[in-house]
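Student: The structure follows.
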Amino acid sequence: MSDSKLIEARPNVRQIKPYSPGKPIWEVKRELGLEEVVKLASNENPLGPSPKAVEAIIRSLSELHRYPDVLASELKQELARRLGLSERELIVTNGADELITLISETYLEPGDDIVIPAPVFGEYEFGAKLMGANVKAVPLEPGFGYDVSRLLAAVTPRTKLLYLCSPHNPAGTYLPAKELDRLLAALPEKVLLVLDAAYSHYATAEDYTDGLEHVRAGRQVLVLQTFSKIYGLAGIRVGFGAAPAAVIESILKVKEPFNVNALAQAAAAAALADEAHLEASRRLNTAGREQLYAAFRKLGIPYTESMSNFVLCQPGPAADSIAAQLLSRGIIVRSGGTWGLPEHIRVSVGTAEENDKFIRALDEIMSLNDLERRPEASQSAGQ
Ligand SMILES: *Cc1c(COP(=O)(O)O)cnc(C)c1O
C-alpha cells in the first residue's frame, strides 16, 4: 500500500478521516437536474446575512490591497464592550473551527488526553488526532443529556482539555447553569474547560448559560463562539474565543498573523450591531422548531427538544433511506450516521416555507414506504 519512494504523511495525519460536509446546493442541483433545492443540513441562518454586514463588506472592498488588522482590534473592541470583557480576554479566528485547532496546537502533546461527550461535533477529536493526543469519549445519557459525574470520572492526570458543546450539536440539548457550576468546581485546575457555545443565541431555556460569566470571574474556561450560525456569515469565516488573558496570550502565539480577512472583520462588527436581524433570526427559529415538533408528533417520529437551530429526530432503521429520498426531492438534511446515530436525522430549522417543504416531503415518503407510524411516539427527554 505504501510506496517507499513517495513521501508519507505523519502517522497521526494518516489516521484522520476527511471531513464530510453537507452537500452544497449547486451539487444537488447539478446531479439531480433540480431547479429548486432546500438545504437544511448545515445549521445556516435561513434569513441570510445581516444587510448591514453586506454593506460593510462592500465598503471595505476598495481597501483590499491592505493586509488585515492582525488583532482584529475594532471587532474585538466591539465584542469586549458588549460582553463585559477586556480585549485581552478575546481572540478572533477564521471561524470557530480554526480556534479549536489553535487550542489543540497550544495545549496538546502526544500522549495527552482530551475528554469529549459522545456523540458530538467532530472538530474536537480532529484537533486531538492532529497533535497525537488521545480522545476519551464519554457517552451522553439516553435523551442526550450530559452526565457531569461521568465526564469528571474520565479526567486523568494527562487530561488537558474537556470539551462541552451547549447547545449540543447534533442533539440540541444543553448543560444547565448549575451543572456547569458543579463541573467547574470539581475540575482539576490543570484542565481547560472549553465550552462550545456556537448556538447559544438560539437557547430559550431559563437555566441555559453560555458560560461567559465564568470567564468574567476569571475561571479557567474558554467559551467558543461563531459568526457562522445566527449571524449568517458562514461563508466568510469568523469566530472568536473568550478566556482568561493568560490563556488567550498563549493561543495568540500559535495563530497566524493574518488569520481573519479584512472583509470578515468588517462584516462581523456590523453583524454584531444589527440587533434587529439577530432578534428576527431568533424568533423565526423558535417558531420553526415548534413547526417541526408538531410535524414529528403527527408523523409519529420521536425527536429531541432543541435549544438550537436544528432538530434531531429518530425515524428509525429507515433513516438513511429517508434522507436519500429527501435528497432526491431536493431537500438536503444530515443522516445521523456521521455521529454513529444510524436511526436519526438532523434537520436544520429553515424559513416556515422551507420547513413546510421538508414536512410535506417527509410525510409523502413515510406514506410511500408504508412506514409504521407510532402515534404514541414520545419525545425524548431533552434537557
Ligand atoms: C458550526 C459549529 C462551529 C463553528 O463553525 P465555524 O463556521 O468554524 O465558526 C463550532 N462548533 C459547533 C458545535 C458548530 O456546530
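Order determines the names: the first chain of the C-alpha cells is A, the second B, and so forth; residues in each chain are numbered 1 upward, and ligands are numbered 1 upward as they are shown.
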Go through the chains and note each residue within 10 Å of ligand 1, using only C-alpha atoms and all ligand atoms, then give the set as a count of residues only.
Tutor: 46
Student: Pick out the residues sitting within 9 Å of Lys178 of chain A, and hand them over as JSON, numbers by chain; count only C-alpha atoms, and ignore anything fewer than 4 positions along from it in its own chain.
Tutor: {"A": [182, 183, 207]}
Student: Write a file of the selected residues as a short mmCIF file (atom, residue, chain, number, x, y, z; two decimals), in the first residue's frame, keeping N, CA and C atoms.
Tutor:
data_model
loop_
_atom_site.label_atom_id
_atom_site.label_comp_id
_atom_site.auth_asym_id
_atom_site.auth_seq_id
_atom_site.Cartn_x
_atom_site.Cartn_y
_atom_site.Cartn_z
N ARG A 182 -21.20 22.94 38.92
CA ARG A 182 -20.76 21.73 39.61
C ARG A 182 -19.52 21.13 38.94
N LEU A 183 -19.56 21.11 37.62
CA LEU A 183 -18.43 20.56 36.85
C LEU A 183 -17.17 21.38 37.10
N ASP A 207 -32.53 28.22 32.38
CA ASP A 207 -31.29 27.82 33.07
C ASP A 207 -30.16 27.50 32.09
#
Student: Residues within 10 Å of Thr286 of chain A, please, as a list of chain:residue names. Count only C-alpha atoms; anything in the same chain fewer than 4 positions from it doesn't count.
Tutor: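 Answer for this query is A:Tyr202, A:Ala203, A:Thr204, A:Ser281, A:Arg282, A:Glu290, A:Gln291, A:Ser306, A:Met307, A:Ser308, A:Asn309, A:Val349.
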Student: Just the residues within 12 Å of Ala262 of chain A, please, counting only C-alpha atoms, with nothing from its chain fewer than 6 positions along; format it as a PyMOL selection string.
Tutor: chain A and resi 56-75+93-94+236-238+268-269
Student: With C-alpha atoms kept, could you save the residues just selected as a compact mmCIF listing (two decimals), in the first residue's frame?
Tutor:
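Saved the output as result34.txt:
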# COMPACT_ATOMS: atom_id res chain seq x y z
CA ALA A 56 -19.78 46.78 5.47
CA ILE A 57 -18.17 44.26 3.11
CA ILE A 58 -18.91 46.43 0.09
CA ARG A 59 -17.46 49.49 1.85
CA SER A 60 -14.26 47.55 2.63
CA LEU A 61 -13.63 46.33 -0.91
CA SER A 62 -11.55 49.30 -2.06
CA GLU A 63 -9.04 48.63 0.74
CA LEU A 64 -8.32 45.04 -0.28
CA HIS A 65 -4.71 45.83 -1.19
CA ARG A 66 -4.02 46.30 2.56
CA TYR A 67 -3.28 43.46 4.96
CA PRO A 68 -5.98 42.98 7.57
CA ASP A 69 -5.56 44.05 11.19
CA VAL A 70 -3.55 41.30 12.94
CA LEU A 71 -5.56 41.65 16.15
CA ALA A 72 -8.97 42.44 14.63
CA SER A 73 -8.96 45.38 17.05
CA GLU A 74 -12.17 47.05 16.01
CA LEU A 75 -14.18 43.84 16.18
CA THR A 93 -10.26 33.47 14.45
CA ASN A 94 -11.01 32.22 10.95
CA ILE A 236 -16.74 34.48 5.23
CA ARG A 237 -15.26 32.54 8.20
CA VAL A 238 -15.11 34.32 11.51
CA ALA A 268 -18.69 40.62 11.87
CA ALA A 269 -18.53 44.04 13.54
Student: Residues of segment 200-346 of chain A classed as strand (DSSP E or B) by DSSP on the backbone are to be reported as a PyMOL selection string.
Tutor: chain A and resi 221-226+239-242+303-304+310-313+331-332+334-335+345-346
Student: Export N, CA and C atoms of the chosen residues as a tab-separated table (two decimals), in the first residue's frame?
Tutor:
chain	number	residue	atom	x	y	z
A	221	VAL	N	-11.91	28.84	31.89
A	221	VAL	CA	-12.91	28.40	30.92
A	221	VAL	C	-12.65	29.15	29.63
A	222	LEU	N	-12.76	28.45	28.51
A	222	LEU	CA	-12.69	29.12	27.22
A	222	LEU	C	-14.05	28.95	26.54
A	223	VAL	N	-14.72	30.04	26.24
A	223	VAL	CA	-16.02	29.99	25.55
A	223	VAL	C	-15.78	30.28	24.08
A	224	LEU	N	-16.32	29.40	23.27
A	224	LEU	CA	-16.13	29.49	21.83
A	224	LEU	C	-17.43	29.96	21.16
A	225	GLN	N	-17.30	30.93	20.27
A	225	GLN	CA	-18.48	31.44	19.57
A	225	GLN	C	-18.17	31.62	18.09
A	226	THR	N	-19.22	31.74	17.30
A	226	THR	CA	-19.02	31.86	15.85
A	226	THR	C	-19.99	32.87	15.23
A	239	GLY	N	-14.98	33.65	13.80
A	239	GLY	CA	-15.45	33.19	15.10
A	239	GLY	C	-14.57	33.81	16.17
A	240	PHE	N	-14.86	33.53	17.42
A	240	PHE	CA	-13.97	34.07	18.46
A	240	PHE	C	-14.02	33.22	19.71
A	241	GLY	N	-13.04	33.46	20.58
A	241	GLY	CA	-12.99	32.78	21.86
A	241	GLY	C	-12.84	33.80	22.97
A	242	ALA	N	-13.40	33.48	24.14
A	242	ALA	CA	-13.26	34.32	25.34
A	242	ALA	C	-12.69	33.44	26.44
A	303	TYR	N	-38.44	12.80	18.66
A	303	TYR	CA	-37.45	13.86	18.44
A	303	TYR	C	-36.95	14.35	19.80
A	304	THR	N	-35.85	15.05	19.76
A	304	THR	CA	-35.30	15.63	20.98
A	304	THR	C	-35.56	17.12	20.97
A	310	PHE	N	-31.59	23.46	14.97
A	310	PHE	CA	-31.79	22.19	14.27
A	310	PHE	C	-32.52	21.26	15.22
A	311	VAL	N	-33.11	20.21	14.65
A	311	VAL	CA	-33.79	19.23	15.49
A	311	VAL	C	-33.31	17.84	15.09
A	312	LEU	N	-32.98	17.04	16.08
A	312	LEU	CA	-32.58	15.65	15.85
A	312	LEU	C	-33.81	14.78	16.03
A	313	CYS	N	-34.17	14.05	14.97
A	313	CYS	CA	-35.34	13.17	15.08
A	313	CYS	C	-34.92	11.74	14.81
A	331	ILE	N	-34.24	18.08	-1.05
A	331	ILE	CA	-34.17	18.56	0.34
A	331	ILE	C	-32.98	17.91	1.03
A	332	ILE	N	-32.01	18.74	1.42
A	332	ILE	CA	-30.77	18.21	1.99
A	332	ILE	C	-30.83	18.27	3.51
A	334	ARG	N	-29.11	16.01	7.26
A	334	ARG	CA	-27.97	15.20	7.67
A	334	ARG	C	-28.41	13.87	8.25
A	335	SER	N	-27.85	12.78	7.71
A	335	SER	CA	-28.07	11.46	8.30
A	335	SER	C	-27.29	11.36	9.59
A	345	ILE	N	-31.97	11.54	12.05
A	345	ILE	CA	-31.74	12.56	11.03
A	345	ILE	C	-31.69	13.90	11.75
A	346	ARG	N	-30.73	14.75	11.38
A	346	ARG	CA	-30.70	16.11	11.92
A	346	ARG	C	-31.15	17.07	10.83
Student: Could you tell me how far atom CA of Ala271 of chain A lies from atom CA of Glu305 of chain A, in Å and to one decimal?
Tutor: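 Straight-line distance from atom CA of Ala271 of chain A to atom CA of Glu305 of chain A works out to 28.1 Å.
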Student: For segment 175-177 of chain A, find every residue with an atom within 7 Å (counting only C-alpha atoms), except residues of its own chain fewer than 2 positions away, and show them as a PyMOL selection string.
Tutor: chain A and resi 146+166+179-181+207-209
Student: Could you please write out, as a list in words, every residue of segment 53-103 of chain A that DSSP assigns to alpha helix (DSSP H)?
Tutor: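 Answer for segment 53-103 of chain A, restricted to alpha helix (DSSP H): Ala53, Val54, Glu55, Ala56, Ile57, Ile58, Arg59, Ser60, Ser73, Glu74, Leu75, Lys76, Gln77, Glu78, Leu79, Ala80, Arg81, Arg82, Leu83, Gly95, Ala96, Asp97, Glu98, Leu99, Ile100, Thr101, Leu102 and Ile103 of chain A.
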Student: For the selection you just gave me, I'd like the residues written to a file as a compact mmCIF listing (two decimals), in the first residue's frame, keeping N, CA, C and O atoms.
Tutor:
# COMPACT_ATOMS: atom_id res chain seq x y z
N ALA A 53 -24.08 43.84 7.41
CA ALA A 53 -22.80 43.15 7.20
C ALA A 53 -22.43 43.21 5.72
O ALA A 53 -21.27 43.44 5.36
N VAL A 54 -23.43 43.03 4.86
CA VAL A 54 -23.17 43.07 3.42
C VAL A 54 -22.68 44.46 3.02
O VAL A 54 -21.71 44.61 2.26
N GLU A 55 -23.33 45.49 3.56
CA GLU A 55 -22.88 46.87 3.26
C GLU A 55 -21.45 47.09 3.74
O GLU A 55 -20.64 47.73 3.04
N ALA A 56 -21.13 46.60 4.92
CA ALA A 56 -19.78 46.78 5.47
C ALA A 56 -18.74 46.11 4.57
O ALA A 56 -17.65 46.64 4.36
N ILE A 57 -19.09 44.96 4.02
CA ILE A 57 -18.17 44.26 3.11
C ILE A 57 -17.94 45.10 1.86
O ILE A 57 -16.81 45.32 1.44
N ILE A 58 -19.03 45.63 1.31
CA ILE A 58 -18.91 46.43 0.09
C ILE A 58 -18.05 47.67 0.35
O ILE A 58 -17.18 48.02 -0.44
N ARG A 59 -18.26 48.30 1.51
CA ARG A 59 -17.46 49.49 1.85
C ARG A 59 -15.98 49.15 2.00
O ARG A 59 -15.13 50.00 1.77
N SER A 60 -15.67 47.92 2.38
CA SER A 60 -14.26 47.55 2.63
C SER A 60 -13.51 47.15 1.36
O SER A 60 -12.29 47.04 1.37
N SER A 73 -8.73 44.49 15.90
CA SER A 73 -8.96 45.38 17.05
C SER A 73 -10.37 45.95 17.13
O SER A 73 -10.98 45.97 18.20
N GLU A 74 -10.86 46.39 15.98
CA GLU A 74 -12.17 47.05 16.01
C GLU A 74 -13.25 46.05 16.43
O GLU A 74 -14.10 46.34 17.28
N LEU A 75 -13.20 44.88 15.84
CA LEU A 75 -14.18 43.84 16.18
C LEU A 75 -14.02 43.43 17.65
O LEU A 75 -15.00 43.24 18.37
N LYS A 76 -12.77 43.32 18.09
CA LYS A 76 -12.53 42.91 19.46
C LYS A 76 -13.04 43.95 20.46
O LYS A 76 -13.62 43.60 21.49
N GLN A 77 -12.84 45.22 20.12
CA GLN A 77 -13.35 46.29 20.98
C GLN A 77 -14.85 46.18 21.14
O GLN A 77 -15.40 46.30 22.23
N GLU A 78 -15.51 45.97 20.01
CA GLU A 78 -16.96 45.87 19.98
C GLU A 78 -17.42 44.66 20.80
O GLU A 78 -18.39 44.74 21.56
N LEU A 79 -16.74 43.55 20.64
CA LEU A 79 -17.07 42.33 21.41
C LEU A 79 -16.85 42.56 22.90
O LEU A 79 -17.69 42.20 23.73
N ALA A 80 -15.72 43.17 23.23
CA ALA A 80 -15.37 43.40 24.64
C ALA A 80 -16.44 44.26 25.31
O ALA A 80 -16.92 43.96 26.41
N ARG A 81 -16.85 45.31 24.61
CA ARG A 81 -17.85 46.22 25.15
C ARG A 81 -19.18 45.49 25.38
O ARG A 81 -19.79 45.60 26.44
N ARG A 82 -19.58 44.71 24.39
CA ARG A 82 -20.88 44.03 24.51
C ARG A 82 -20.88 42.91 25.52
O ARG A 82 -21.91 42.62 26.13
N LEU A 83 -19.75 42.24 25.68
CA LEU A 83 -19.71 41.05 26.54
C LEU A 83 -19.20 41.35 27.95
O LEU A 83 -19.18 40.45 28.80
N GLY A 95 -13.19 31.50 11.72
CA GLY A 95 -14.22 30.53 12.11
C GLY A 95 -13.83 29.92 13.45
O GLY A 95 -12.66 29.97 13.85
N ALA A 96 -14.80 29.37 14.15
CA ALA A 96 -14.50 28.72 15.43
C ALA A 96 -13.69 27.45 15.20
O ALA A 96 -12.92 27.03 16.06
N ASP A 97 -13.84 26.84 14.03
CA ASP A 97 -13.05 25.65 13.72
C ASP A 97 -11.55 25.92 13.85
O ASP A 97 -10.80 25.11 14.38
N GLU A 98 -11.12 27.07 13.34
CA GLU A 98 -9.70 27.40 13.47
C GLU A 98 -9.30 27.49 14.94
O GLU A 98 -8.22 27.04 15.33
N LEU A 99 -10.18 28.05 15.74
CA LEU A 99 -9.85 28.19 17.16
C LEU A 99 -9.66 26.83 17.83
O LEU A 99 -8.77 26.65 18.65
N ILE A 100 -10.48 25.86 17.44
CA ILE A 100 -10.34 24.51 18.02
C ILE A 100 -8.96 23.93 17.66
O ILE A 100 -8.28 23.34 18.49
N THR A 101 -8.54 24.14 16.41
CA THR A 101 -7.20 23.68 16.01
C THR A 101 -6.12 24.42 16.80
O THR A 101 -5.17 23.82 17.29
N LEU A 102 -6.28 25.73 16.96
CA LEU A 102 -5.28 26.52 17.69
C LEU A 102 -5.18 26.09 19.15
O LEU A 102 -4.09 25.99 19.71
N ILE A 103 -6.33 25.83 19.77
CA ILE A 103 -6.33 25.37 21.17
C ILE A 103 -5.55 24.05 21.25
O ILE A 103 -4.71 23.85 22.14
Student: Could you check which of A:Val347, A:Ile7, A:Leu90, A:Ala267 is closest to Ala245 of chain A, using only C-alpha atoms?
Tutor: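 With only C-alpha atoms as the atom set, the closest residue is A:Leu90.
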Student: Could you list, as a PDB file with all heavy atoms, in the first residue's frame, every residue within 12 Å of Lys17 of chain A, counting only C-alpha atoms and ignoring same-chain residues fewer than 5 positions away?
Tutor:
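Result file part.pdb:
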ATOM      1  N   ASN A  12      -0.131  10.327  12.536  1.00  0.00           N
ATOM      2  CA  ASN A  12      -1.334  10.981  13.077  1.00  0.00           C
ATOM      3  C   ASN A  12      -2.252  11.448  11.963  1.00  0.00           C
ATOM      4  O   ASN A  12      -3.471  11.356  12.054  1.00  0.00           O
ATOM      5  CB  ASN A  12      -0.979  12.230  13.883  1.00  0.00           C
ATOM      6  CG  ASN A  12      -0.166  11.918  15.101  1.00  0.00           C
ATOM      7  OD1 ASN A  12      -0.048  10.751  15.467  1.00  0.00           O
ATOM      8  ND2 ASN A  12       0.379  12.933  15.719  1.00  0.00           N
ATOM      9  N   GLY A 122     -17.428  16.973  15.290  1.00  0.00           N
ATOM     10  CA  GLY A 122     -16.186  16.234  15.129  1.00  0.00           C
ATOM     11  C   GLY A 122     -14.863  16.967  15.296  1.00  0.00           C
ATOM     12  O   GLY A 122     -13.809  16.338  15.363  1.00  0.00           O
ATOM     13  N   GLU A 123     -14.885  18.289  15.369  1.00  0.00           N
ATOM     14  CA  GLU A 123     -13.615  19.026  15.309  1.00  0.00           C
ATOM     15  C   GLU A 123     -12.736  18.869  16.549  1.00  0.00           C
ATOM     16  O   GLU A 123     -11.518  19.044  16.488  1.00  0.00           O
ATOM     17  CB  GLU A 123     -13.880  20.523  15.066  1.00  0.00           C
ATOM     18  CG  GLU A 123     -14.456  20.835  13.694  1.00  0.00           C
ATOM     19  CD  GLU A 123     -13.548  20.380  12.556  1.00  0.00           C
ATOM     20  OE1 GLU A 123     -12.405  20.849  12.475  1.00  0.00           O
ATOM     21  OE2 GLU A 123     -13.987  19.519  11.766  1.00  0.00           O
ATOM     22  N   GLU A 125     -12.175  16.121  18.249  1.00  0.00           N
ATOM     23  CA  GLU A 125     -11.401  14.907  18.025  1.00  0.00           C
ATOM     24  C   GLU A 125     -10.341  15.143  16.953  1.00  0.00           C
ATOM     25  O   GLU A 125      -9.201  14.682  17.077  1.00  0.00           O
ATOM     26  CB  GLU A 125     -12.344  13.762  17.615  1.00  0.00           C
ATOM     27  CG  GLU A 125     -11.606  12.483  17.358  1.00  0.00           C
ATOM     28  CD  GLU A 125     -12.507  11.260  17.278  1.00  0.00           C
ATOM     29  OE1 GLU A 125     -13.717  11.377  17.601  1.00  0.00           O
ATOM     30  OE2 GLU A 125     -12.014  10.203  16.887  1.00  0.00           O
ATOM     31  N   PHE A 126     -10.705  15.880  15.927  1.00  0.00           N
ATOM     32  CA  PHE A 126      -9.753  16.209  14.862  1.00  0.00           C
ATOM     33  C   PHE A 126      -8.513  16.893  15.441  1.00  0.00           C
ATOM     34  O   PHE A 126      -7.376  16.516  15.149  1.00  0.00           O
ATOM     35  CB  PHE A 126     -10.421  17.103  13.804  1.00  0.00           C
ATOM     36  CG  PHE A 126      -9.438  17.812  12.910  1.00  0.00           C
ATOM     37  CD1 PHE A 126      -8.822  17.127  11.866  1.00  0.00           C
ATOM     38  CD2 PHE A 126      -9.103  19.141  13.137  1.00  0.00           C
ATOM     39  CE1 PHE A 126      -7.883  17.776  11.055  1.00  0.00           C
ATOM     40  CE2 PHE A 126      -8.167  19.788  12.334  1.00  0.00           C
ATOM     41  CZ  PHE A 126      -7.555  19.104  11.287  1.00  0.00           C
ATOM     42  N   GLY A 127      -8.724  17.906  16.287  1.00  0.00           N
ATOM     43  CA  GLY A 127      -7.610  18.642  16.892  1.00  0.00           C
ATOM     44  C   GLY A 127      -6.713  17.731  17.715  1.00  0.00           C
ATOM     45  O   GLY A 127      -5.484  17.843  17.684  1.00  0.00           O
ATOM     46  N   LYS A 129      -6.345  14.397  17.354  1.00  0.00           N
ATOM     47  CA  LYS A 129      -5.639  13.472  16.458  1.00  0.00           C
ATOM     48  C   LYS A 129      -4.458  14.161  15.796  1.00  0.00           C
ATOM     49  O   LYS A 129      -3.379  13.588  15.649  1.00  0.00           O
ATOM     50  CB  LYS A 129      -6.602  12.971  15.367  1.00  0.00           C
ATOM     51  CG  LYS A 129      -7.676  12.028  15.880  1.00  0.00           C
ATOM     52  CD  LYS A 129      -7.484  10.628  15.298  1.00  0.00           C
ATOM     53  CE  LYS A 129      -8.423   9.613  15.896  1.00  0.00           C
ATOM     54  NZ  LYS A 129      -9.731   9.614  15.209  1.00  0.00           N
ATOM     55  N   LEU A 130      -4.669  15.393  15.381  1.00  0.00           N
ATOM     56  CA  LEU A 130      -3.624  16.174  14.723  1.00  0.00           C
ATOM     57  C   LEU A 130      -2.376  16.256  15.595  1.00  0.00           C
ATOM     58  O   LEU A 130      -1.256  16.223  15.113  1.00  0.00           O
ATOM     59  CB  LEU A 130      -4.170  17.581  14.444  1.00  0.00           C
ATOM     60  CG  LEU A 130      -3.338  18.519  13.578  1.00  0.00           C
ATOM     61  CD1 LEU A 130      -3.196  17.978  12.165  1.00  0.00           C
ATOM     62  CD2 LEU A 130      -3.990  19.903  13.555  1.00  0.00           C
ATOM     63  N   THR A 338     -23.180   9.980  10.557  1.00  0.00           N
ATOM     64  CA  THR A 338     -21.967  10.788  10.819  1.00  0.00           C
ATOM     65  C   THR A 338     -21.578  10.737  12.293  1.00  0.00           C
ATOM     66  O   THR A 338     -20.415  10.839  12.629  1.00  0.00           O
ATOM     67  CB  THR A 338     -22.268  12.280  10.499  1.00  0.00           C
ATOM     68  OG1 THR A 338     -23.132  12.328   9.374  1.00  0.00           O
ATOM     69  CG2 THR A 338     -21.005  13.076  10.263  1.00  0.00           C
TER      70      THR A 338
END
Student: Near segment 108-114 of chain A, counting only C-alpha atoms, which residues have an atom at most 10 Å away, once you skip same-chain residues fewer than 4 positions from it, shown as a ChimeraX atom specification?
Tutor: /A:12,102-104,124-125,127-137,154-163,191-192
Student: Quick one: of A:Pro21, A:Pro315, A:Pro11, A:Pro188, who's nearest to Met366 of chain A, counting only C-alpha atoms?
Tutor: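 For Met366 of chain A, the nearest of the candidates is A:Pro315.
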Student: In Å, rounded to a single decimal, give me how far atom CA of Glu89 of chain A is from atom CA of Ile251 of chain A.
Tutor: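 A separation of 11.1 Å between them.
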Student: Given the choices A:Lys298, A:His277, A:His201, A:Arg360, which gets closest to Gly48 of chain A if the distance is worked out from only C-alpha atoms?
Tutor: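 Ranked by minimum distance to Gly48 of chain A, first place goes to A:His277.
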